[in-house]
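Trainee: One structure, as structure tokens, below. Some questions next.
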Amino acid sequence: MLQAVVFDLDYTLAVPQRDRTTILEAATDAAGAPELSRADYLEAHRRNLTQETREPIFTELLEGRETEAEPAEVAAAYRDEIAADLEPLPGVESMLAKLNERYRIGLLTNGPVRAQRDKLTTLGWENAFDAALVTGELEAGKPDIRAFEAISDELAVDPERTVYVGDEVEADVEGATGAGMTAIQILLEDGPDPDPRAAAHVDQNAVATAVPEAVAALEETDSAIGS
């Protein structure tokens with residue numbers, strides 16, 4: 001029987017109004033930094049999932065570049081741009097409250113501590129979850145099994161009784177199923193194809209209604225198998 005539903009944050013529950021390339025350009029302009037590649041940013045981000053801030057990310061990206069911009073200044077500008085742009089997907093706050101009537105609700109999000117905690121503050125979601133973990137606070141980020149074990153421990157539920165909802169194939173679907181959880185993949189308009197390891201696939205624009213339906217269907221399946 002399912003006991004918990006855990007969510008990714010970015011592009012699963014909340015999205016920026018502008019694309020991330022535009023946001024990065026605005027941040028570098030504001031900080032007087034040279035143009036930075038979004039692809040290079042993502043690679044540096046993956047190497048810095050357990051940091052306090054994004055400063056180490058921008059330290060990597062600015063290394064060897066002719067600029068007086070400080071990594072901390074670029075990190076702060078990027079954080080400000082994200083905060084100004086971030087908004088929840090329609091209906092997800094009501095969805096979380098409704099699911100919480102039956103299940104423990106968790107959040108496990110990749111990224112530096114201050115960046116992700118600031119997003120929760122911006123959204124007013126500091127108390128929206130029974131447990132919320134940022135990988136910057138942990139020994140490892142998604143898809144490492146230790147990240148998923150950490151949220152299971154915080155929620156006091158077994159991974160086998162947990163559904164994880166996220167949009168990234170490697171970090172979310174592969175990571176969750178590797179940890180013994182059941183995965184629901186959020187499908188983005190320009191994102192990866194449905195992964196067969198996910199037990200259900202939900203379009204991003206239907207998260208608020210389709211995720212509870214998918215969770216209910218999974219529970220019905222488990223009940224039928226158990227009977």
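Labels used: A, B, ... for chains in the order of the structure tokens, numbers from 1 for residues in each chain, and numbers from 1 for ligands as shown.
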Could you name the residues that touch Thr135 in chain A at 8 Å or less, counting only C-alpha atoms, but leaving out those on the same chain fewer than 4 positions away, as a list in words?

Mentor: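 After dropping sequence-adjacent residues, the list is Leu49, Thr50, Leu108, Thr109, Asn110, Gly111, Pro112, Val113, Glu139, Ala140, Gly141, Lys142 and Ala147 of chain A.
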
Trainee: Produce a file of the selected residues containing C-alpha atoms, as a compact mmCIF listing (two decimals), in the first residue's frame.

Mentor:
# COMPACT_ATOMS: atom_id res chain seq x y z
CA LEU A 49 24.81 19.18 -6.53
CA THR A 50 25.92 19.21 -2.91
CA LEU A 108 13.63 16.03 -3.19
CA THR A 109 15.29 18.58 -5.45
CA ASN A 110 18.78 18.77 -6.94
CA GLY A 111 20.80 21.92 -6.44
CA PRO A 112 22.66 24.18 -4.03
CA VAL A 113 20.98 24.78 -0.69
CA GLU A 139 26.10 13.54 0.67
CA ALA A 140 24.96 13.07 -2.93
CA GLY A 141 22.43 14.34 -5.44
CA LYS A 142 19.97 12.53 -7.67
CA ALA A 147 19.49 11.04 -2.00

Trainee: If you run DSSP on the backbone here, which positions in range 7-187 of chain A get alpha helix (DSSP H)? Please write them as JSON, numbers by chain.

Mentor: {"A": [20, 21, 22, 23, 24, 25, 26, 27, 28, 29, 30, 31, 38, 39, 40, 41, 42, 43, 44, 45, 46, 55, 56, 57, 58, 59, 60, 61, 62, 71, 72, 73, 74, 75, 76, 77, 78, 79, 80, 81, 82, 83, 84, 85, 92, 93, 94, 95, 96, 97, 98, 99, 113, 114, 115, 116, 117, 118, 119, 120, 121, 122, 123, 145, 146, 147, 148, 149, 150, 151, 152, 153, 154, 155, 175, 176, 177, 178]}

Trainee: Extract, using only C-alpha atoms, all DNA, RNA and protein residues at most 8 Å from range 181-185 of chain A, discarding same-chain residues fewer than 2 positions from it, and format them as a ChimeraX atom specification.

Mentor: /A:159-169,172-173,176-179,187,194-195,197-202,211,214

Trainee: Work out how far apart CA of Asp130 in chain A and CA of Met95 in chain A are and give it in Å to one decimal.

Mentor: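 Between these atoms lies a distance of 14.3 Å.
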
Trainee: Residues at most 9 Å from range 150-154 of chain A, counting only C-alpha atoms, excluding those fewer than 6 positions away in the same chain, as a PyMOL selection string?

Mentor: chain A and resi 4+6+106-108+130-133+138+162

Trainee: Using only C-alpha atoms, pick whichever of A:Ile23, A:Ala76, A:Ala39, A:Ala217 has the shortest atom-to-atom distance to Glu55 in chain A.

Mentor: A:Ala76

Trainee: If I take CA of Val74 in chain A and CA of Asp29 in chain A, how far is one from the other in Å, to one decimal?

Mentor: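 Computed distance, CA of Val74 in chain A to CA of Asp29 in chain A, equals 9.0 Å.
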
Trainee: Using only C-alpha atoms, which of the listed residues (A:Arg54, A:Met1, A:Thr22, A:Glu70) sits closest to Gln116 in chain A?

Mentor: A:Arg54

Trainee: Using DSSP secondary structure from the backbone, list all strand (DSSP E) positions within range 53-156 of chain A, as a list in words.

Mentor: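 The residues of range 53-156 of chain A classed as strand (DSSP E) are Leu86, Glu87, Pro88, Arg104, Ile105, Gly106, Leu107, Leu108, Thr109, Ala131, Ala132, Leu133 and Val134 of chain A.
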
Trainee: Please measure the separation of CA of Ala77 in chain A and CA of Thr28 in chain A, giving the value in Å to one decimal.

Mentor: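 Taking CA of Ala77 in chain A and CA of Thr28 in chain A, their separation equals 7.4 Å.
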
Trainee: Measuring between only C-alpha atoms, which one of A:Thr67, A:Thr122, A:Ser37, A:Asn48 shows the shortest distance to Gly136 in chain A?

Mentor: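 Once distances to Gly136 in chain A are computed over only C-alpha atoms, the minimum belongs to A:Asn48.
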
Trainee: Quick one: everything within 9 Å of Ala26 in chain A, counting only C-alpha atoms, minus sequence neighbours fewer than 5 positions away in the same chain. Send it as a list in words.

Mentor: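 The neighbour list is Thr21, Ala31, Ala77, Tyr78 and Glu81 of chain A.
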